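Undergrad: What follows is target_9.cif; its format and atoms are mmCIF, C-alpha atoms.
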```cif
data_query
loop_
_atom_site.group_PDB
_atom_site.id
_atom_site.type_symbol
_atom_site.label_atom_id
_atom_site.label_comp_id
_atom_site.auth_asym_id
_atom_site.auth_seq_id
_atom_site.Cartn_x
_atom_site.Cartn_y
_atom_site.Cartn_z
ATOM 1 C CA MET A 1 -11.473 25.741 -7.817
ATOM 2 C CA PRO A 2 -7.826 26.362 -8.821
ATOM 3 C CA ARG A 3 -5.217 24.236 -7.093
ATOM 4 C CA ARG A 4 -3.123 25.914 -4.454
ATOM 5 C CA ARG A 5 0.587 25.984 -5.113
ATOM 6 C CA TYR A 6 3.511 27.012 -2.968
ATOM 7 C CA ASP A 7 5.134 29.104 -5.722
ATOM 8 C CA GLN A 8 8.603 28.283 -4.421
ATOM 9 C CA TYR A 9 11.535 27.277 -6.602
ATOM 10 C CA CYS A 10 12.292 24.289 -4.378
ATOM 11 C CA ALA A 11 12.136 20.570 -5.207
ATOM 12 C CA ALA A 12 10.239 19.714 -2.014
ATOM 13 C CA ALA A 13 7.694 22.477 -2.659
ATOM 14 C CA ARG A 14 7.232 21.334 -6.260
ATOM 15 C CA ALA A 15 6.706 17.756 -5.074
ATOM 16 C CA LEU A 16 4.116 18.937 -2.566
ATOM 17 C CA ASP A 17 2.396 20.951 -5.305
ATOM 18 C CA THR A 18 1.655 17.573 -6.887
ATOM 19 C CA VAL A 19 1.210 15.140 -3.976
ATOM 20 C CA GLY A 20 0.607 17.390 -0.989
ATOM 21 C CA ASP A 21 -3.184 17.468 -1.188
ATOM 22 C CA ARG A 22 -5.046 15.380 1.352
ATOM 23 C CA TRP A 23 -5.729 11.827 0.099
ATOM 24 C CA THR A 24 -3.305 11.885 -2.840
ATOM 25 C CA LEU A 25 -0.598 9.710 -1.265
ATOM 26 C CA LEU A 26 -3.207 7.353 0.161
ATOM 27 C CA ILE A 27 -4.632 6.903 -3.326
ATOM 28 C CA VAL A 28 -1.105 6.041 -4.468
ATOM 29 C CA ARG A 29 -0.908 3.510 -1.608
ATOM 30 C CA GLU A 30 -4.051 1.814 -2.918
ATOM 31 C CA LEU A 31 -2.879 1.858 -6.541
ATOM 32 C CA LEU A 32 0.388 0.132 -5.619
ATOM 33 C CA ALA A 33 -1.852 -2.958 -5.512
ATOM 34 C CA GLY A 34 -2.374 -2.593 -9.257
ATOM 35 C CA PRO A 35 -5.296 -1.280 -11.320
ATOM 36 C CA ARG A 36 -8.335 -0.419 -9.207
ATOM 37 C CA ARG A 37 -11.896 0.560 -9.981
ATOM 38 C CA TYR A 38 -13.227 3.819 -8.600
ATOM 39 C CA THR A 39 -15.652 1.935 -6.336
ATOM 40 C CA ASP A 40 -12.818 -0.212 -4.930
ATOM 41 C CA LEU A 41 -10.725 2.876 -4.220
ATOM 42 C CA HIS A 42 -13.653 4.529 -2.482
ATOM 43 C CA ALA A 43 -14.262 1.414 -0.346
ATOM 44 C CA ASP A 44 -10.621 1.228 0.769
ATOM 45 C CA LEU A 45 -10.320 4.942 1.561
ATOM 46 C CA PRO A 46 -12.805 5.322 4.417
ATOM 47 C CA GLY A 47 -13.641 8.966 5.021
ATOM 48 C CA VAL A 48 -13.012 10.315 1.521
ATOM 49 C CA SER A 49 -16.018 11.849 -0.187
ATOM 50 C CA THR A 50 -16.851 10.873 -3.754
ATOM 51 C CA ASP A 51 -16.274 14.469 -4.887
ATOM 52 C CA VAL A 52 -12.809 14.659 -3.333
ATOM 53 C CA LEU A 53 -11.808 11.239 -4.672
ATOM 54 C CA ALA A 54 -12.938 12.141 -8.188
ATOM 55 C CA SER A 55 -11.093 15.471 -7.979
ATOM 56 C CA ARG A 56 -7.863 13.880 -6.714
ATOM 57 C CA LEU A 57 -7.935 11.208 -9.423
ATOM 58 C CA LYS A 58 -8.466 13.878 -12.071
ATOM 59 C CA ASP A 59 -5.536 15.908 -10.689
ATOM 60 C CA MET A 60 -3.320 12.827 -10.503
ATOM 61 C CA GLU A 61 -4.137 11.933 -14.104
ATOM 62 C CA ARG A 62 -3.371 15.486 -15.245
ATOM 63 C CA ASP A 63 -0.063 15.446 -13.314
ATOM 64 C CA GLY A 64 1.006 12.162 -14.899
ATOM 65 C CA LEU A 65 0.789 10.035 -11.728
ATOM 66 C CA THR A 66 -2.110 7.874 -12.862
ATOM 67 C CA THR A 67 -3.801 6.788 -16.003
ATOM 68 C CA ARG A 68 -7.314 5.517 -16.603
ATOM 69 C CA ARG A 69 -8.192 2.725 -18.983
ATOM 70 C CA LYS A 70 -11.189 0.567 -19.777
ATOM 71 C CA LEU A 71 -10.971 -3.165 -19.188
ATOM 72 C CA PRO A 72 -12.000 -5.396 -22.081
ATOM 73 C CA PRO A 73 -15.326 -7.277 -21.904
ATOM 74 C CA PRO A 74 -16.745 -8.890 -19.908
ATOM 75 C CA GLY A 75 -15.323 -6.413 -17.332
ATOM 76 C CA ALA A 76 -15.801 -3.286 -19.449
ATOM 77 C CA VAL A 77 -15.194 -0.991 -16.475
ATOM 78 C CA SER A 78 -12.667 1.796 -16.094
ATOM 79 C CA VAL A 79 -9.702 1.289 -13.797
ATOM 80 C CA TYR A 80 -7.049 3.644 -12.506
ATOM 81 C CA GLU A 81 -3.397 2.664 -12.331
ATOM 82 C CA LEU A 82 -0.091 4.288 -11.531
ATOM 83 C CA THR A 83 2.204 5.492 -14.273
ATOM 84 C CA PRO A 84 5.969 4.935 -13.961
ATOM 85 C CA ARG A 85 6.131 8.423 -12.395
ATOM 86 C CA GLY A 86 3.475 7.431 -9.862
ATOM 87 C CA LEU A 87 5.311 4.200 -9.037
ATOM 88 C CA GLU A 88 8.352 6.292 -8.103
ATOM 89 C CA LEU A 89 6.427 7.383 -4.994
ATOM 90 C CA LEU A 90 6.913 3.981 -3.316
ATOM 91 C CA PRO A 91 10.091 5.057 -1.458
ATOM 92 C CA VAL A 92 8.286 8.221 -0.337
ATOM 93 C CA LEU A 93 5.428 6.167 1.118
ATOM 94 C CA THR A 94 7.900 3.740 2.699
ATOM 95 C CA ALA A 95 9.731 6.636 4.381
ATOM 96 C CA LEU A 96 6.436 8.144 5.568
ATOM 97 C CA ALA A 97 5.351 4.766 6.953
ATOM 98 C CA ASP A 98 8.660 4.423 8.812
ATOM 99 C CA TRP A 99 8.300 7.926 10.213
ATOM 100 C CA GLY A 100 4.655 7.395 11.203
ATOM 101 C CA ALA A 101 5.008 3.885 12.653
ATOM 102 C CA PRO A 102 5.595 5.028 16.266
ATOM 103 C CA ALA A 103 2.162 6.695 16.161
ATOM 104 C CA LEU A 104 0.560 3.244 15.771
ATOM 105 C CA ALA A 105 1.143 2.446 19.452
ATOM 106 C CA ASP A 106 -2.550 2.696 20.269
ATOM 107 C CA ARG A 107 -5.379 2.165 17.840
ATOM 108 C CA ARG A 108 -8.107 4.747 18.311
ATOM 109 C CA PRO A 109 -11.722 3.522 18.368
ATOM 110 C CA THR A 110 -12.448 5.604 15.260
ATOM 111 C CA ASP A 111 -9.521 4.189 13.246
ATOM 112 C CA ALA A 112 -10.463 2.205 10.143
ATOM 113 C CA LEU A 113 -8.132 -0.651 9.253
ATOM 114 C CA ARG A 114 -7.513 -2.715 6.137
ATOM 115 C CA ALA A 115 -4.988 -5.531 6.424
ATOM 116 C CA HIS A 116 -3.255 -4.569 3.171
ATOM 117 C CA TRP A 117 -2.286 -1.195 4.656
ATOM 118 C CA PHE A 118 0.603 -3.069 6.320
ATOM 119 C CA ALA A 119 2.016 -4.177 2.948
ATOM 120 C CA ILE A 120 4.233 -1.151 2.243
ATOM 121 C CA PRO A 121 6.092 -1.016 5.566
ATOM 122 C CA LEU A 122 6.318 -4.813 5.732
ATOM 123 C CA ALA A 123 7.523 -5.558 2.191
ATOM 124 C CA ARG A 124 11.233 -4.837 2.622
ATOM 125 C CA ARG A 125 11.331 -6.743 5.939
ATOM 126 C CA LEU A 126 10.296 -9.899 4.089
ATOM 127 C CA GLU A 127 13.132 -9.853 1.542
ATOM 128 C CA ASP A 128 15.327 -12.106 3.727
ATOM 129 C CA LEU A 129 12.828 -14.947 3.365
ATOM 130 C CA GLY A 130 13.977 -15.561 -0.202
ATOM 131 C CA ALA A 131 10.351 -15.738 -1.312
ATOM 132 C CA ASN A 132 9.040 -13.699 -4.238
ATOM 133 C CA VAL A 133 5.411 -13.729 -3.066
ATOM 134 C CA VAL A 134 4.543 -13.830 0.632
ATOM 135 C CA GLU A 135 0.988 -14.263 1.852
ATOM 136 C CA VAL A 136 0.321 -12.512 5.169
ATOM 137 C CA ARG A 137 -2.562 -13.581 7.387
ATOM 138 C CA LEU A 138 -3.725 -11.219 10.120
ATOM 139 C CA ASP A 139 -6.901 -11.280 12.206
ATOM 140 C CA GLU A 140 -8.012 -8.241 10.172
ATOM 141 C CA GLY A 141 -7.594 -10.007 6.835
ATOM 142 C CA VAL A 142 -5.215 -11.519 4.323
ATOM 143 C CA PHE A 143 -2.956 -9.823 1.772
ATOM 144 C CA HIS A 144 0.101 -10.774 -0.223
ATOM 145 C CA VAL A 145 3.329 -8.937 -0.930
ATOM 146 C CA ARG A 146 5.902 -9.167 -3.719
ATOM 147 C CA THR A 147 9.484 -8.886 -2.513
ATOM 148 C CA ASP A 148 11.152 -9.167 -5.936
ATOM 149 C CA ASN A 149 10.394 -5.598 -7.086
ATOM 150 C CA GLY A 150 7.671 -6.993 -9.330
ATOM 151 C CA ARG A 151 4.380 -5.260 -9.902
ATOM 152 C CA PRO A 152 1.983 -4.882 -8.332
ATOM 153 C CA LEU A 153 3.739 -4.513 -4.955
ATOM 154 C CA TYR A 154 0.892 -6.137 -3.046
ATOM 155 C CA GLY A 155 -2.622 -7.443 -3.371
ATOM 156 C CA ASP A 156 -5.625 -7.789 -1.122
ATOM 157 C CA GLY A 157 -6.578 -11.371 -0.292
ATOM 158 C CA PRO A 158 -4.668 -14.637 -0.654
ATOM 159 C CA ALA A 159 -1.981 -15.168 -3.287
ATOM 160 C CA ASP A 160 -2.498 -17.764 -6.021
ATOM 161 C CA ARG A 161 0.754 -19.591 -5.283
ATOM 162 C CA PRO A 162 2.660 -17.977 -2.434
ATOM 163 C CA ASP A 163 6.297 -18.916 -1.889
ATOM 164 C CA ALA A 164 5.734 -18.444 1.855
ATOM 165 C CA THR A 165 2.825 -17.751 4.195
ATOM 166 C CA LEU A 166 3.020 -15.828 7.463
ATOM 167 C CA THR A 167 0.342 -15.946 10.161
ATOM 168 C CA LEU A 168 0.731 -13.352 12.907
ATOM 169 C CA ASP A 169 -1.097 -10.740 14.929
ATOM 170 C CA THR A 170 -1.197 -7.035 14.195
ATOM 171 C CA GLY A 171 1.211 -6.094 16.989
ATOM 172 C CA THR A 172 3.839 -8.510 15.686
ATOM 173 C CA CYS A 173 3.274 -7.258 12.131
ATOM 174 C CA ILE A 174 3.933 -3.697 13.305
ATOM 175 C CA ALA A 175 7.049 -4.793 15.224
ATOM 176 C CA ILE A 176 8.435 -6.533 12.123
ATOM 177 C CA SER A 177 7.557 -3.537 9.942
ATOM 178 C CA GLU A 178 9.472 -1.247 12.298
ATOM 179 C CA GLY A 179 12.472 -3.605 12.399
ATOM 180 C CA ARG A 180 12.127 -4.243 16.147
ATOM 181 C CA ILE A 181 11.903 -7.970 15.469
ATOM 182 C CA SER A 182 12.772 -10.088 12.448
ATOM 183 C CA VAL A 183 10.499 -12.709 10.928
ATOM 184 C CA LYS A 184 12.993 -15.388 12.006
ATOM 185 C CA ASP A 185 12.950 -14.110 15.606
ATOM 186 C CA GLY A 186 9.150 -14.012 15.481
ATOM 187 C CA VAL A 187 9.061 -17.648 14.368
ATOM 188 C CA ARG A 188 11.565 -18.658 17.059
ATOM 189 C CA GLU A 189 9.528 -16.856 19.747
ATOM 190 C CA GLY A 190 6.243 -18.401 18.560
ATOM 191 C CA LEU A 191 4.797 -15.073 17.418
ATOM 192 C CA VAL A 192 4.842 -15.951 13.715
ATOM 193 C CA VAL A 193 3.816 -19.138 11.929
ATOM 194 C CA LEU A 194 5.870 -19.490 8.742
ATOM 195 C CA GLU A 195 4.776 -21.999 6.127
ATOM 196 C CA ILE A 196 6.826 -22.711 3.007
ATOM 197 C CA PRO A 197 5.176 -25.047 0.502
ATOM 198 C CA PRO A 198 7.217 -28.029 -0.689
ATOM 199 C CA VAL A 199 8.980 -27.581 -4.028
#
```
Before anything else, please render the file you have as structure tokens.
TA:
Amino acid sequence: MPRRRYDQYCAAARALDTVGDRWTLLIVRELLAGPRRYTDLHADLPGVSTDVLASRLKDMERDGLTTRRKLPPPGAVSVYELTPRGLELLPVLTALADWGAPALADRRPTDALRAHWFAIPLARRLEDLGANVVEVRLDEGVFHVRTDNGRPLYGDGPADRPDATLTLDTGTCIAISEGRISVKDGVREGLVVLEIPPV
């Protein structure tokens, strides 16, 4: 099936020609964690069919947003990763997360949730900690975020050697992500446990 295009000589329309299909930006969100296997992408994108995921990845590769490579043995599996052009979508996803944050007021019973989905909106709010790698512990799971513009931006699970660890609930995480409360205020109010390992 040929891709639909807007056929408008407009930068926004051209951008949407490339990333406007359903699932594309969410695939980018997942790949900001670094190279991912197809099966891992499928697991962290609840609701996407295998056909749609395969089609989007093919389109993204053709459009220069992603590349596919084979890991050396013993892994010997293919992984997808963002190209420099794909990485340029981080500010777009950050802006979309900011715009969509008020809609997180109530979690619907059908809503899937992965802890690392909070990484993008939270990352810039953690820069004041002076920590390059921050581990974040929520009831829903653990992820870690890089605040030093390093790559990958985040990762699922604990960090090897975090510079700081935050333990908080989802509501507080959302409040910090939206800028309604700072990490320091959260610590002071007892909503956040901040641990910094000794040097």
Undergrad: I'd like the residues picked by the PyMOL selection byres ((chain A and resi 17) around 10) written out as a PyMOL selection string, using the chain letters and numbers from the file.
TA: chain A and resi 3-8+11-16+18-21
Undergrad: Pick out the closest residue to Ala97 of chain A from this set: A:Leu113, A:Ile174, A:Val193, A:Leu31. Count all atoms listed in the file.
TA: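 The answer is A:Ile174, which sits nearest to Ala97 of chain A.
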Undergrad: What is the distance between atom CA of Thr147 of chain A and atom CA of Ala131 of chain A, in Å to one decimal?
TA: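 Computing the Euclidean distance for atom CA of Thr147 of chain A and atom CA of Ala131 of chain A yields 7.0 Å.
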Undergrad: Report as a PyMOL selection string all protein, DNA and RNA residues lying within 12 Å of Asp128 of chain A, evaluated on all atoms listed in the file, omitting residues in the same chain fewer than 6 positions from it.
TA: chain A and resi 122+134+147-148+164+182-184
Undergrad: By how many Å are atom CA of Glu178 of chain A and atom CA of Ile27 of chain A apart?
TA: 22.6 Å
Undergrad: For Asn132 of chain A, which residue among A:Thr50, A:Thr165, A:Thr24, A:Thr39 is the nearest when counting all atoms listed in the file?
TA: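 That would be A:Thr165, the residue with the smallest distance to Asn132 of chain A.
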Undergrad: Any idea what's packed within 10 Å of Gly155 of chain A, counting all atoms listed in the file, ignoring anything in its chain fewer than 4 positions away? Could you give it as a ChimeraX atom specification?
TA: /A:30-34,116,119,135,142-146,151,159
Undergrad: Please produce a file of those selected residues containing C-alpha atoms, as a PDB file, in the coordinates of the input.
TA:
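The result, written out as again.pdb:
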```
ATOM      1  CA  GLU A  30      -4.051   1.814  -2.918  1.00  0.00           C
ATOM      2  CA  LEU A  31      -2.879   1.858  -6.541  1.00  0.00           C
ATOM      3  CA  LEU A  32       0.388   0.132  -5.619  1.00  0.00           C
ATOM      4  CA  ALA A  33      -1.852  -2.958  -5.512  1.00  0.00           C
ATOM      5  CA  GLY A  34      -2.374  -2.593  -9.257  1.00  0.00           C
ATOM      6  CA  HIS A 116      -3.255  -4.569   3.171  1.00  0.00           C
ATOM      7  CA  ALA A 119       2.016  -4.177   2.948  1.00  0.00           C
ATOM      8  CA  GLU A 135       0.988 -14.263   1.852  1.00  0.00           C
ATOM      9  CA  VAL A 142      -5.215 -11.519   4.323  1.00  0.00           C
ATOM     10  CA  PHE A 143      -2.956  -9.823   1.772  1.00  0.00           C
ATOM     11  CA  HIS A 144       0.101 -10.774  -0.223  1.00  0.00           C
ATOM     12  CA  VAL A 145       3.329  -8.937  -0.930  1.00  0.00           C
ATOM     13  CA  ARG A 146       5.902  -9.167  -3.719  1.00  0.00           C
ATOM     14  CA  ARG A 151       4.380  -5.260  -9.902  1.00  0.00           C
ATOM     15  CA  ALA A 159      -1.981 -15.168  -3.287  1.00  0.00           C
TER      16      ALA A 159
END
```
Undergrad: I would like the residues chosen by the PyMOL selection byres ((chain A and resi 194) around 12) on the shown file; could you give them as number ranges by chain?
TA: A: 126, 129, 131, 134-137, 162-168, 183-193, 195-197
Undergrad: With distances taken over only C-alpha atoms, which of A:Ile181, A:Leu57, A:Ala112, A:Val133 is nearest to Leu45 of chain A?
TA: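 Ranking A:Ile181, A:Leu57, A:Ala112, A:Val133 by distance to Leu45 of chain A, first place goes to A:Ala112.
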Undergrad: So, with only C-alpha atoms as the atoms that count, which of A:Ala123, A:Leu153, A:Val28, A:Ala76 lies closest to Glu61 of chain A?
TA: A:Val28
Undergrad: Extract, using all atoms listed in the file, all DNA, RNA and protein residues at most 12 Å from Ser49 of chain A, discarding same-chain residues fewer than 6 positions from it, and format them as a list in words.
TA: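 Here the qualifying residues turn out to be Arg22, Trp23, Tyr38, Thr39, Leu41, His42, Ala43, Ser55 and Arg56 of chain A.
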Undergrad: Expand the PyMOL selection byres ((chain A and resi 78-95) around 6) into the explicit residue set it covers here, and present it as JSON, numbers by chain.
TA: {"A": [31, 35, 36, 37, 65, 66, 67, 68, 69, 70, 77, 96, 97, 98, 121]}
Undergrad: For the atom pair atom CA of Ala115 of chain A and atom CA of Gly141 of chain A, what is the interatomic distance in Å to one decimal place?
TA: 5.2 Å
Undergrad: Of the residues A:Pro73, A:Pro109, A:Pro158, A:Leu104, which is the one nearest to Ser177 of chain A, using only C-alpha atoms?
TA: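 Closest residue, counting only C-alpha atoms: A:Leu104.
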